[in-house]
>>> print(open('start_34.txt').read())   # compact mmCIF, C-alpha atoms
# COMPACT_ATOMS: atom_id res chain seq x y z
CA MET P 2 409.41 56.65 31.16
CA LEU P 3 406.99 59.24 29.80
CA ARG P 4 404.16 60.26 32.08
CA GLY P 5 400.89 61.96 31.23
CA PRO P 6 399.58 64.94 33.13
CA THR P 7 398.53 64.24 36.70
CA LEU P 8 394.81 64.67 37.31
CA GLN P 9 393.79 66.71 40.32
CA PRO P 10 391.56 64.86 42.83
CA ALA P 11 388.49 66.99 42.01
CA THR P 12 388.94 66.39 38.26
CA LEU P 13 389.47 62.68 38.84
CA ARG P 14 386.23 62.47 40.85
CA ARG P 15 384.29 64.19 38.04
CA TRP P 16 385.66 61.73 35.47
CA LEU P 17 384.80 58.76 37.65
CA LEU P 18 381.25 60.04 38.14
CA PHE P 19 380.90 60.59 34.39
CA LEU P 20 382.10 57.05 33.60
CA LEU P 21 379.80 55.57 36.26
CA ALA P 22 376.76 57.43 34.92
CA ALA P 23 377.55 56.35 31.36
CA SER P 24 377.68 52.69 32.43
CA LEU P 25 374.37 52.67 34.33
CA PRO P 26 371.14 51.47 32.66
CA ALA P 27 368.40 53.97 31.86
CA ARG P 28 366.64 55.15 35.00
CA ALA P 29 362.89 55.15 35.67
CA ALA P 30 363.19 58.83 36.57
CA ASP P 31 363.78 59.59 32.87
CA ILE P 32 360.10 58.79 32.30
CA GLU P 33 358.56 61.74 34.07
CA ARG P 34 355.02 60.54 34.72
CA ILE P 35 352.56 57.87 33.57
CA TRP P 36 348.77 57.89 33.49
CA LEU P 37 346.04 55.68 32.02
CA THR P 38 342.84 56.54 30.18
CA HIS P 39 340.41 54.99 27.70
CA ARG P 40 340.55 56.68 24.30
CA THR P 41 337.83 54.47 22.83
CA PRO P 42 334.17 54.59 23.97
CA ASP P 43 334.52 51.14 25.58
CA ASP P 44 337.13 49.02 27.34
CA ALA P 45 338.45 47.16 24.29
CA THR P 46 341.68 49.13 24.66
CA ILE P 47 343.45 51.15 27.31
CA THR P 48 345.58 54.20 26.53
CA ILE P 49 348.93 54.55 28.29
CA HIS P 50 350.46 58.04 28.47
CA TRP P 51 353.79 59.40 29.62
CA GLU P 52 356.09 62.40 29.20
CA THR P 53 359.81 62.74 28.46
CA LYS P 54 362.01 65.81 28.36
CA GLU P 55 363.65 64.74 25.11
CA PRO P 56 361.57 63.67 22.08
CA GLY P 57 361.56 60.10 20.85
CA GLY P 58 359.39 57.19 19.84
CA SER P 59 356.75 55.56 22.05
CA VAL P 60 356.98 51.88 23.05
CA VAL P 61 354.79 49.91 25.44
CA ASP P 62 355.78 46.36 26.36
CA PHE P 63 352.94 44.54 28.09
CA GLY P 64 351.56 41.13 28.94
CA LEU P 65 349.83 38.96 31.51
CA ASP P 66 353.02 38.67 33.56
CA ASP P 67 356.28 40.55 33.99
CA LYS P 68 357.81 38.83 30.96
CA LEU P 69 355.97 41.46 28.85
CA SER P 70 355.52 39.29 25.77
CA ASP P 71 353.64 41.86 23.64
CA ARG P 72 354.63 45.25 22.27
CA VAL P 73 353.05 48.31 20.68
CA ALA P 74 355.49 50.79 19.14
CA ILE P 75 354.98 54.21 17.54
CA GLN P 76 357.95 55.61 15.63
CA GLU P 77 356.79 59.25 15.56
CA SER P 78 358.94 61.41 17.80
CA ALA P 79 357.18 63.10 20.73
CA THR P 80 357.62 64.26 24.31
CA LEU P 81 353.94 63.62 25.17
CA HIS P 82 353.25 59.96 24.44
CA HIS P 83 349.89 58.21 23.87
CA VAL P 84 349.76 54.49 23.06
CA ASP P 85 346.61 52.37 22.71
CA VAL P 86 347.01 48.84 24.06
CA PRO P 87 344.46 46.13 23.16
CA LEU P 88 342.84 44.31 26.08
CA ALA P 89 342.07 40.74 25.04
CA GLN P 90 340.96 39.60 28.49
CA THR P 91 338.62 41.02 31.11
CA ASP P 92 339.20 40.96 34.87
CA THR P 93 342.90 40.27 34.36
CA VAL P 94 346.03 41.90 35.76
CA TYR P 95 348.24 43.29 32.99
CA ALA P 96 351.88 44.25 33.42
CA TYR P 97 353.38 47.05 31.34
CA ARG P 98 356.49 49.15 30.88
CA VAL P 99 356.92 52.24 28.73
CA SER P 100 360.08 53.38 26.98
CA THR P 101 361.37 56.18 24.79
CA GLY P 102 364.81 55.85 23.28
CA GLY P 103 367.14 54.57 26.00
CA ARG P 104 364.76 55.60 28.76
CA ARG P 105 362.27 53.20 30.25
CA SER P 106 359.99 52.97 33.26
CA GLU P 107 359.68 50.35 35.91
CA ILE P 108 357.08 47.63 35.37
CA HIS P 109 353.60 48.70 36.50
CA HIS P 110 350.29 46.84 36.67
CA PHE P 111 346.59 47.48 36.10
CA ARG P 112 343.50 45.28 36.05
CA SER P 113 341.17 45.23 33.06
CA LEU P 114 337.50 45.84 33.82
CA PRO P 115 335.79 42.93 35.62
CA VAL P 116 332.84 40.71 34.74
CA ASP P 117 330.87 40.40 38.00
CA GLU P 118 331.26 43.58 40.09
CA LEU P 119 332.43 46.95 38.79
CA ARG P 120 333.55 49.75 41.13
CA VAL P 121 333.76 53.28 39.75
CA ALA P 122 335.02 56.23 41.80
CA VAL P 123 333.96 59.77 40.88
CA VAL P 124 335.90 62.79 42.16
CA ALA P 125 335.75 66.55 41.55
CA ASP P 126 337.72 69.69 42.43
CA THR P 127 341.06 67.91 42.59
CA GLY P 128 342.60 71.26 41.67
CA ALA P 129 341.60 72.49 45.11
CA SER P 130 343.03 69.55 47.04
CA MET P 131 345.33 66.59 46.33
CA ASP P 132 345.98 65.75 49.98
CA ALA P 133 344.11 62.71 51.22
CA TRP P 134 341.67 61.62 48.52
CA PRO P 135 344.01 59.55 46.25
CA ALA P 136 344.77 57.13 49.09
CA ALA P 137 341.09 57.03 50.08
CA VAL P 138 340.06 56.21 46.52
CA LEU P 139 342.79 53.60 46.11
CA ALA P 140 341.59 51.90 49.30
CA GLN P 141 338.30 51.12 47.53
CA LYS P 142 340.17 49.38 44.67
CA PRO P 143 338.19 51.07 41.89
CA HIS P 144 338.36 49.64 38.39
CA LEU P 145 337.70 53.05 36.84
CA LEU P 146 338.11 56.67 37.95
CA LEU P 147 335.83 59.40 36.57
CA SER P 148 335.67 63.07 37.44
CA ALA P 149 333.15 65.87 37.43
CA GLY P 150 335.64 68.61 36.54
CA ASP P 151 338.19 71.12 37.86
CA HIS P 152 341.29 68.92 38.08
CA VAL P 153 343.70 71.88 38.31
CA PRO P 154 343.44 75.37 39.84
CA ALA P 155 344.03 76.91 36.38
CA LEU P 156 346.33 76.45 33.39
CA HIS P 157 348.03 79.78 34.10
CA GLY P 158 350.17 80.96 36.98
CA ALA P 159 350.87 84.63 37.47
CA GLN P 160 350.85 85.28 33.71
CA PRO P 161 348.57 84.18 30.85
CA VAL P 162 349.67 81.02 29.03
CA ALA P 163 349.20 79.54 25.57
CA PRO P 164 346.05 77.38 25.25
CA ASP P 165 348.12 74.22 24.72
CA THR P 166 350.10 74.55 27.99
CA THR P 167 349.75 71.25 29.87
CA THR P 168 352.06 71.91 32.86
CA ALA P 169 349.19 72.09 35.38
CA PHE P 170 347.95 68.62 34.38
CA SER P 171 351.47 67.20 34.68
CA THR P 172 351.63 68.57 38.23
CA CYS P 173 348.31 66.93 39.06
CA VAL P 174 349.51 63.51 37.88
CA ASP P 175 352.76 63.88 39.84
CA LYS P 176 350.83 64.22 43.10
CA ALA P 177 349.17 60.78 42.86
CA PRO P 178 351.47 58.55 40.76
CA GLU P 179 350.30 55.20 42.17
CA LEU P 180 346.66 55.97 41.43
CA PHE P 181 347.17 57.20 37.89
CA GLN P 182 349.63 54.42 36.95
CA THR P 183 347.17 51.70 37.97
CA THR P 184 343.65 53.08 37.43
CA PRO P 185 342.25 54.31 34.09
CA TRP P 186 340.99 57.86 34.48
CA ILE P 187 338.34 59.51 32.28
CA PRO P 188 338.08 63.18 33.27
CA LEU P 189 335.31 65.67 32.50
CA LEU P 190 335.89 69.35 31.79
CA GLY P 191 335.41 72.07 34.35
CA ASN P 192 336.05 75.77 33.89
CA HIS P 193 339.42 75.71 35.69
CA ASP P 194 340.69 73.04 33.30
CA ARG P 195 340.86 75.62 30.48
CA GLU P 196 341.51 78.89 32.32
CA ILE P 197 344.44 80.49 30.44
CA ARG P 198 344.38 83.87 32.24
CA SER P 199 342.90 85.34 35.39
CA ARG P 200 339.18 86.10 35.42
CA GLY P 201 340.08 89.61 36.59
CA PRO P 202 338.53 91.68 39.37
CA GLY P 203 335.15 92.05 37.63
CA PRO P 204 332.35 92.95 37.61
CA LYS P 205 332.82 92.91 33.82
CA PRO P 206 334.86 90.37 31.83
CA PRO P 207 338.33 91.43 30.66
CA ASP P 208 339.04 92.42 27.06
CA GLU P 209 340.39 88.98 26.12
CA PRO P 210 338.85 85.52 26.58
CA VAL P 211 339.68 84.01 29.97
CA TYR P 212 339.02 80.40 28.96
CA ASP P 213 340.03 78.30 25.99
CA VAL P 214 336.60 76.96 25.12
CA GLU P 215 338.13 74.27 22.89
CA ALA P 216 340.14 72.95 25.88
CA THR P 217 343.26 72.50 23.77
CA ALA P 218 345.62 71.54 26.62
CA TYR P 219 343.12 69.15 28.23
CA ARG P 220 342.48 67.31 24.96
CA LYS P 221 346.21 67.26 24.18
CA PHE P 222 347.15 65.79 27.56
CA PHE P 223 344.35 63.24 28.07
CA GLY P 224 343.41 60.53 25.61
CA LEU P 225 339.61 60.61 25.70
CA PRO P 226 336.72 59.22 23.67
CA ALA P 227 334.98 61.25 20.96
CA THR P 228 335.87 64.97 20.88
CA GLY P 229 337.34 64.93 24.39
CA TRP P 230 335.44 68.02 25.51
CA ARG P 231 332.36 65.78 25.56
CA TRP P 232 332.32 61.98 25.49
CA HIS P 233 330.48 58.80 26.35
CA PHE P 234 331.87 55.50 27.63
CA ASP P 235 330.08 52.15 27.64
CA VAL P 236 330.54 48.91 29.59
CA PRO P 237 327.87 46.75 27.90
CA ARG P 238 328.30 43.66 30.10
CA PHE P 239 327.15 45.77 33.06
CA GLY P 240 324.45 47.51 31.00
CA LEU P 241 326.22 50.82 31.61
CA ARG P 242 326.78 54.09 29.78
CA PHE P 243 328.49 57.23 31.14
CA VAL P 244 327.87 60.52 29.32
CA ALA P 245 329.98 63.63 29.98
CA ALA P 246 328.42 66.94 28.88
CA ASP P 247 330.30 70.23 28.60
CA LEU P 248 328.26 72.40 30.96
CA SER P 249 329.87 74.93 33.33
CA HIS P 250 329.43 78.65 34.11
CA LEU P 251 326.40 78.68 31.83
CA SER P 252 325.47 82.28 32.62
CA ASP P 253 328.75 83.48 31.05
CA LEU P 254 327.94 82.17 27.58
CA GLY P 255 328.60 84.84 24.93
CA THR P 256 331.06 86.84 27.07
CA ASN P 257 334.85 86.69 27.51
CA TRP P 258 334.10 84.54 30.56
CA GLN P 259 332.53 81.84 28.40
CA THR P 260 333.92 78.46 29.40
CA CYS P 261 331.77 75.80 27.72
CA HIS P 262 330.35 75.00 24.31
CA PRO P 263 326.82 76.16 23.41
CA PHE P 264 324.05 73.99 24.83
CA ALA P 265 320.79 75.47 23.48
CA LYS P 266 318.36 73.46 21.40
CA GLY P 267 319.77 73.52 17.88
CA SER P 268 323.38 73.45 19.10
CA ALA P 269 325.71 70.58 18.22
CA GLN P 270 326.03 69.63 21.88
CA PHE P 271 322.29 69.44 22.48
CA ALA P 272 321.78 67.34 19.33
CA TRP P 273 324.58 65.00 20.42
CA TYR P 274 323.15 64.53 23.92
CA GLU P 275 319.59 64.11 22.69
CA GLY P 276 320.77 61.50 20.19
CA LEU P 277 322.65 59.53 22.86
CA MET P 278 319.65 59.51 25.17
CA LYS P 279 317.24 58.42 22.45
CA GLU P 280 319.45 55.63 21.12
CA ASN P 281 320.47 54.30 24.53
CA THR P 282 319.38 50.79 25.44
CA GLN P 283 321.62 50.34 28.48
CA PRO P 284 319.81 49.73 31.82
CA PHE P 285 322.10 52.27 33.55
CA LEU P 286 323.01 55.70 32.18
CA ILE P 287 324.85 58.30 34.26
CA THR P 288 325.19 61.92 33.06
CA LEU P 289 328.06 64.05 34.36
CA TYR P 290 328.77 67.79 34.08
CA ASN P 291 330.25 70.69 36.08
CA GLU P 292 327.27 73.02 36.63
CA LYS P 293 324.68 73.35 39.38
CA ASN P 294 322.14 70.52 39.11
CA SER P 295 319.09 72.72 39.49
CA THR P 296 320.37 75.05 36.77
CA VAL P 297 321.02 72.23 34.30
CA ARG P 298 317.66 70.54 34.70
CA GLY P 299 315.93 73.87 34.00
CA LEU P 300 317.83 74.61 30.76
CA GLU P 301 315.82 75.16 27.58
CA LYS P 302 312.52 75.28 29.45
CA GLY P 303 313.34 72.05 31.23
CA GLU P 304 314.27 70.07 28.13
CA TRP P 305 317.71 69.18 29.49
CA GLY P 306 316.10 67.94 32.69
CA ARG P 307 313.63 65.78 30.78
CA LEU P 308 316.45 64.22 28.75
CA ILE P 309 318.62 63.63 31.84
CA ALA P 310 315.71 61.94 33.60
CA ARG P 311 315.66 59.28 30.87
CA GLY P 312 318.82 57.97 32.51
CA SER P 313 319.61 56.69 35.99
CA ALA P 314 321.38 59.57 37.77
CA ALA P 315 323.26 62.85 37.27
CA ILE P 316 326.57 63.85 38.89
CA THR P 317 328.21 67.27 39.12
CA GLY P 318 331.27 68.74 40.79
CA PHE P 319 329.85 72.26 40.90
CA GLY P 320 329.97 72.97 44.64
CA TYR P 321 332.42 72.26 47.46
CA PHE P 322 330.14 69.87 49.33
CA ALA P 323 328.42 66.48 49.11
CA GLU P 324 324.76 66.30 48.19
CA ARG P 325 321.98 64.07 46.92
CA ALA P 326 318.83 65.71 45.60
CA GLU P 327 315.72 63.87 44.39
CA VAL P 328 313.32 65.06 41.67
CA ASP P 329 310.39 62.71 41.10
CA GLY P 330 312.54 59.82 42.26
CA PHE P 331 315.52 60.74 40.07
CA PRO P 332 318.79 61.32 41.98
CA TYR P 333 321.16 64.26 41.40
CA PHE P 334 324.56 64.10 43.14
CA ASN P 335 327.20 66.74 43.89
CA THR P 336 330.69 65.67 44.95
CA SER P 337 333.96 67.41 45.86
CA VAL P 338 337.22 66.16 47.34
CA LYS P 339 337.40 69.58 49.02
CA GLY P 340 333.95 69.54 50.52
CA LYS P 341 334.13 72.32 53.08
CA GLY P 342 333.39 75.41 51.05
CA ALA P 343 330.51 77.63 50.03
CA THR P 344 327.17 75.81 50.03
CA TYR P 345 324.54 76.04 47.29
CA LYS P 346 321.83 73.65 48.39
CA ASP P 347 319.58 72.19 45.73
CA PRO P 348 315.91 73.05 46.37
CA LYS P 349 315.27 69.30 46.20
CA THR P 350 318.12 68.21 48.49
CA THR P 351 317.58 65.12 50.63
CA ALA P 352 321.15 64.59 51.93
CA PHE P 353 323.79 67.28 52.41
CA PHE P 354 327.28 67.16 53.94
CA SER P 355 330.11 69.68 54.31
CA GLU P 356 332.74 66.96 54.08
CA ASP P 357 335.67 66.14 51.79
CA ASN P 358 334.14 63.37 49.71
CA PHE P 359 333.92 61.26 46.59
CA LEU P 360 331.32 58.93 45.09
CA LEU P 361 331.69 55.17 44.83
CA LEU P 362 329.41 53.50 42.28
CA THR P 363 329.15 49.71 42.56
CA PHE P 364 327.52 47.80 39.70
CA GLN P 365 326.55 44.14 40.00
CA ARG P 366 326.07 42.16 36.81
CA GLU P 367 323.70 39.47 38.10
CA PRO P 368 321.23 40.59 39.23
CA ARG P 369 321.74 44.06 37.74
CA THR P 370 322.04 46.53 40.59
CA LEU P 371 323.68 49.90 41.21
CA LYS P 372 324.64 51.31 44.60
CA VAL P 373 325.86 54.90 44.87
CA GLU P 374 327.70 55.82 48.06
CA ILE P 375 328.80 59.29 49.12
CA ARG P 376 332.02 58.52 50.94
CA ALA P 377 333.95 60.87 53.18
CA VAL P 378 337.66 60.94 52.44
CA ASP P 379 338.25 59.70 55.99
CA GLY P 380 336.44 56.45 55.14
CA ARG P 381 332.91 57.01 56.44
CA VAL P 382 329.88 56.29 54.26
CA LEU P 383 327.74 59.44 54.41
CA ASP P 384 324.85 58.36 52.18
CA THR P 385 323.75 55.34 50.15
CA ARG P 386 321.27 55.24 47.28
CA GLU P 387 320.19 52.08 45.45
CA ILE P 388 319.23 52.63 41.81
CA ALA P 389 317.17 50.11 39.85
CA PRO P 390 317.92 49.39 36.17
CA ARG P 391 315.81 51.28 33.65
>>> encode(input="start_34.txt", output="structure tokens")
Amino acid sequence: MLRGPTLQPATLRRWLLFLLAASLPARAADIERIWLTHRTPDDATITIHWETKEPGGSVVDFGLDDKLSDRVAIQESATLHHVDVPLAQTDTVYAYRVSTGGRRSEIHHFRSLPVDELRVAVVADTGASMDAWPAAVLAQKPHLLLSAGDHVPALHGAQPVAPDTTTAFSTCVDKAPELFQTTPWIPLLGNHDREIRSRGPGPKPPDEPVYDVEATAYRKFFGLPATGWRWHFDVPRFGLRFVAADLSHLSDLGTNWQTCHPFAKGSAQFAWYEGLMKENTQPFLITLYNEKNSTVRGLEKGEWGRLIARGSAAITGFGYFAERAEVDGFPYFNTSVKGKGATYKDPKTTAFFSEDNFLLLTFQREPRTLKVEIRAVDGRVLDTREIAPR
């Protein structure tokens, strides 16, 4: 009887492992990360994002239970996937699963925005700390997560990177997967979110731009309303509008340290913000940015401050502390998940804390009310401010 060659034990083990791997279904690990945003200026849709090492199409199966009866599919091949999913029902738990080629995720869940009470968490400086705050925020069961900038330390490591390099944002998402898979996140730009090379030793800027003013990587990675580098988001049933302005390191405008778009009267950004404030009919309007509050309200001979004061409150992530300042009854907040750093007190400060913190905004529909809490990451409520509708 003829016999084939005898396989050595090590070779046999390799073949068995190969055959076993080939027979297994696609693993969730093949989908590297998932995060949620809103790409429209309201909650009619949610945008589901994920990354894969190999390019392929983008498919989201979703529904009101784990049967996942609906599907949105995009045939275009990509490794960075963005799919808009329509939300037909409010205050409802949706199940979803993403897939690319033979790779698919586990089933995850999120809740569409509610009808009676809306909780919005606002964080800043996540690039400086990802330790305890995701769990603290999740404990409050927010329906929406906003930021006031600086999600990553920088886009570059030891060497300059191309403006479209998104690796730093991927790392951020990897550090809080449960939060970003379940809670839609609408981030605002800070200077670190577009830093493509080191600022240098100073005192003068280097010969090449340090920041990508257009925020190419940030806009590529996140699905955001409008231009992405500035946006607004409305929840009409709560009488609510959020407006994110591109304001950071304002004194560096016109140098190779410039990090934000122009903001002077006559600029596109000023005209956009002025138009939003004049057209707004929502009882609550919150403005967010990444610059010192006192600096922003003094811009253009105080014109920015007068426009901001047409709203309900302003929030920044400029400093590593928690603060509430009051100007003629109008509240300005500073928040930072790494709140034990250099202090730059507002001349109008009324509450100040060197604590790791975030903001929790709670909106009631009937009667219309807004409560803003400065919350320490360890669970304590540091400050509470009630804000009446406009």
>>> residues_around(input="start_34.txt", residues="Ala89 (chain P)", least_positions_apart="6", cutoff="10 Å", atoms="all atoms listed in the file", output="PDB file with C-alpha atoms, keeping the file's coordinate frame")
ATOM      1  CA  ASP P  44     337.130  49.020  27.340  1.00  0.00           C
ATOM      2  CA  ALA P  45     338.450  47.160  24.290  1.00  0.00           C
ATOM      3  CA  THR P  46     341.680  49.130  24.660  1.00  0.00           C
ATOM      4  CA  SER P 113     341.170  45.230  33.060  1.00  0.00           C
TER       5      SER P 113
END
>>> atom_distance(input="start_34.txt", atom1="CA of Thr168 (chain P)", atom2="CA of Tyr219 (chain P)")
10.4 Å
>>> atom_distance(input="start_34.txt", atom1="CA of Asp43 (chain P)", atom2="CA of Gly276 (chain P)")
18.0 Å
>>> residues_near_point(input="start_34.txt", point="(336.6, 59.6, 39.0)", cutoff="6 Å", atoms="only C-alpha atoms", output="list in words")
Ala122, Val123, Val124, Leu146, Leu147 and Ser148 of chain P
>>> write_last_selection(input="start_34.txt", atoms="C-alpha atoms", output="PDB file, in the frame of the given file")
ATOM      1  CA  ALA P 122     335.020  56.230  41.800  1.00  0.00           C
ATOM      2  CA  VAL P 123     333.960  59.770  40.880  1.00  0.00           C
ATOM      3  CA  VAL P 124     335.900  62.790  42.160  1.00  0.00           C
ATOM      4  CA  LEU P 146     338.110  56.670  37.950  1.00  0.00           C
ATOM      5  CA  LEU P 147     335.830  59.400  36.570  1.00  0.00           C
ATOM      6  CA  SER P 148     335.670  63.070  37.440  1.00  0.00           C
TER       7      SER P 148
END
>>> closest_atom_pairs(input="start_34.txt", of="region 199-300 of chain P", to="region 125-140 of chain P", cutoff="12 Å", atoms="only C-alpha atoms", output="tab-separated table")
residue	atom	partner	partner_atom	distance
P:Leu289	CA	P:Ala125	CA	10.8
P:Tyr290	CA	P:Ala125	CA	10.3
P:Asn291	CA	P:Ala125	CA	8.8
P:Glu292	CA	P:Ala125	CA	11.7
>>> residues_around(input="start_34.txt", residues="Leu189 (chain P)", least_positions_apart="5", cutoff="7 Å", atoms="only C-alpha atoms", output="mmCIF file with C-alpha atoms, in the coordinates of the input")
data_model
loop_
_atom_site.group_PDB
_atom_site.id
_atom_site.type_symbol
_atom_site.label_atom_id
_atom_site.label_comp_id
_atom_site.auth_asym_id
_atom_site.auth_seq_id
_atom_site.Cartn_x
_atom_site.Cartn_y
_atom_site.Cartn_z
ATOM 1 C CA SER P 148 335.670 63.070 37.440
ATOM 2 C CA ALA P 149 333.150 65.870 37.430
ATOM 3 C CA GLY P 150 335.640 68.610 36.540
ATOM 4 C CA ALA P 245 329.980 63.630 29.980
#
>>> closest_residue(input="start_34.txt", among="P:Phe264, P:Arg386, P:Ala155, P:Glu52", to="Glu301 (chain P)", atoms="all atoms listed in the file")
P:Phe264
>>> atom_distance(input="start_34.txt", atom1="CA of Asn192 (chain P)", atom2="CA of Leu254 (chain P)")
12.1 Å
>>> closest_residue(input="start_34.txt", among="P:Pro87, P:Gly320, P:Gly224, P:Gly57", to="Ile75 (chain P)", atoms="only C-alpha atoms")
P:Gly57
>>> residues_around(input="start_34.txt", residues="Asp235 (chain P)", least_positions_apart="4", cutoff="10 Å", atoms="all atoms listed in the file", output="ChimeraX atom specification")
/P:41-44,239-244,283,285-286
>>> residues_near_point(input="start_34.txt", point="(338.9, 76.1, 35.5)", cutoff="9 Å", atoms="all atoms listed in the file", output="PDB file with C-alpha atoms, keeping the file's coordinate frame")
ATOM      1  CA  GLY P 128     342.600  71.260  41.670  1.00  0.00           C
ATOM      2  CA  GLY P 150     335.640  68.610  36.540  1.00  0.00           C
ATOM      3  CA  ASP P 151     338.190  71.120  37.860  1.00  0.00           C
ATOM      4  CA  HIS P 152     341.290  68.920  38.080  1.00  0.00           C
ATOM      5  CA  VAL P 153     343.700  71.880  38.310  1.00  0.00           C
ATOM      6  CA  PRO P 154     343.440  75.370  39.840  1.00  0.00           C
ATOM      7  CA  ALA P 155     344.030  76.910  36.380  1.00  0.00           C
ATOM      8  CA  LEU P 156     346.330  76.450  33.390  1.00  0.00           C
ATOM      9  CA  LEU P 190     335.890  69.350  31.790  1.00  0.00           C
ATOM     10  CA  GLY P 191     335.410  72.070  34.350  1.00  0.00           C
ATOM     11  CA  ASN P 192     336.050  75.770  33.890  1.00  0.00           C
ATOM     12  CA  HIS P 193     339.420  75.710  35.690  1.00  0.00           C
ATOM     13  CA  ASP P 194     340.690  73.040  33.300  1.00  0.00           C
ATOM     14  CA  ARG P 195     340.860  75.620  30.480  1.00  0.00           C
ATOM     15  CA  GLU P 196     341.510  78.890  32.320  1.00  0.00           C
ATOM     16  CA  ILE P 197     344.440  80.490  30.440  1.00  0.00           C
ATOM     17  CA  TYR P 212     339.020  80.400  28.960  1.00  0.00           C
ATOM     18  CA  THR P 260     333.920  78.460  29.400  1.00  0.00           C
TER      19      THR P 260
END
>>> closest_residue(input="start_34.txt", among="P:Ser171, P:Thr336, P:Thr53, P:Asn281", to="Val373 (chain P)", atoms="all atoms listed in the file")
P:Thr336
>>> closest_residue(input="start_34.txt", among="P:Ser313, P:Ser337, P:Gln365, P:Ser199", to="Arg391 (chain P)", atoms="all atoms listed in the file")
P:Ser313
>>> closest_residue(input="start_34.txt", among="P:Val378, P:Val84, P:Leu114, P:Val174", to="Thr101 (chain P)", atoms="only C-alpha atoms")
P:Val84
>>> closest_residue(input="start_34.txt", among="P:Asn358, P:Ser295, P:Thr167, P:Thr228", to="Trp273 (chain P)", atoms="only C-alpha atoms")
P:Thr228
>>> residues_around(input="start_34.txt", residues="Phe354 (chain P)", least_positions_apart="3", cutoff="7 Å", atoms="all atoms listed in the file", output="ChimeraX atom specification")
/P:322-324
>>> write_last_selection(input="start_34.txt", atoms="C-alpha atoms", output="PDB file, in the frame of the given file")
ATOM      1  CA  PHE P 322     330.140  69.870  49.330  1.00  0.00           C
ATOM      2  CA  ALA P 323     328.420  66.480  49.110  1.00  0.00           C
ATOM      3  CA  GLU P 324     324.760  66.300  48.190  1.00  0.00           C
TER       4      GLU P 324
END
>>> axis_aligned_box(input="start_34.txt", around="region 257-274 of chain P", padding_each_side="5 Å", output="lines of an AutoDock Vina configuration file")
center_x = 326.6
center_y = 75.6
center_z = 24.2
size_x = 26.5
size_y = 32.2
size_z = 22.7
>>> residues_around(input="start_34.txt", residues="Thr48 (chain P)", least_positions_apart="5", cutoff="6 Å", atoms="only C-alpha atoms", output="ChimeraX atom specification")
/P:37-39,84-85
>>> decode(input="start_34.txt", residues="region 299-308 of chain P", atoms="N, CA, C and O atoms", output="tab-separated table (two decimals), in the first residue's frame")
chain	number	residue	atom	x	y	z
P	299	GLY	N	-14.83	89.39	25.09
P	299	GLY	CA	-14.30	90.71	24.75
P	299	GLY	C	-13.93	90.87	23.29
P	299	GLY	O	-13.55	91.98	22.87
P	300	LEU	N	-14.05	89.82	22.48
P	300	LEU	CA	-13.64	89.89	21.07
P	300	LEU	C	-14.47	90.90	20.28
P	300	LEU	O	-15.67	91.06	20.50
P	301	GLU	N	-13.78	91.57	19.36
P	301	GLU	CA	-14.44	92.55	18.47
P	301	GLU	C	-15.21	93.59	19.28
P	301	GLU	O	-16.39	93.84	19.06
P	302	LYS	N	-14.48	94.17	20.24
P	302	LYS	CA	-15.03	95.22	21.10
P	302	LYS	C	-16.29	94.75	21.83
P	302	LYS	O	-17.24	95.52	22.04
P	303	GLY	N	-16.28	93.48	22.21
P	303	GLY	CA	-17.39	92.94	22.98
P	303	GLY	C	-18.55	92.40	22.16
P	303	GLY	O	-19.54	91.92	22.72
P	304	GLU	N	-18.42	92.42	20.82
P	304	GLU	CA	-19.54	91.98	19.99
P	304	GLU	C	-19.80	90.49	20.15
P	304	GLU	O	-20.96	90.06	20.17
P	305	TRP	N	-18.74	89.68	20.27
P	305	TRP	CA	-18.94	88.26	20.52
P	305	TRP	C	-19.68	88.04	21.83
P	305	TRP	O	-20.60	87.22	21.92
P	306	GLY	N	-19.30	88.76	22.86
P	306	GLY	CA	-19.97	88.63	24.15
P	306	GLY	C	-21.45	89.00	24.07
P	306	GLY	O	-22.29	88.34	24.69
P	307	ARG	N	-21.76	90.05	23.33
P	307	ARG	CA	-23.16	90.46	23.20
P	307	ARG	C	-23.98	89.40	22.46
P	307	ARG	O	-25.14	89.14	22.81
P	308	LEU	N	-23.38	88.79	21.44
P	308	LEU	CA	-24.09	87.73	20.72
P	308	LEU	C	-24.27	86.50	21.60
P	308	LEU	O	-25.35	85.90	21.64
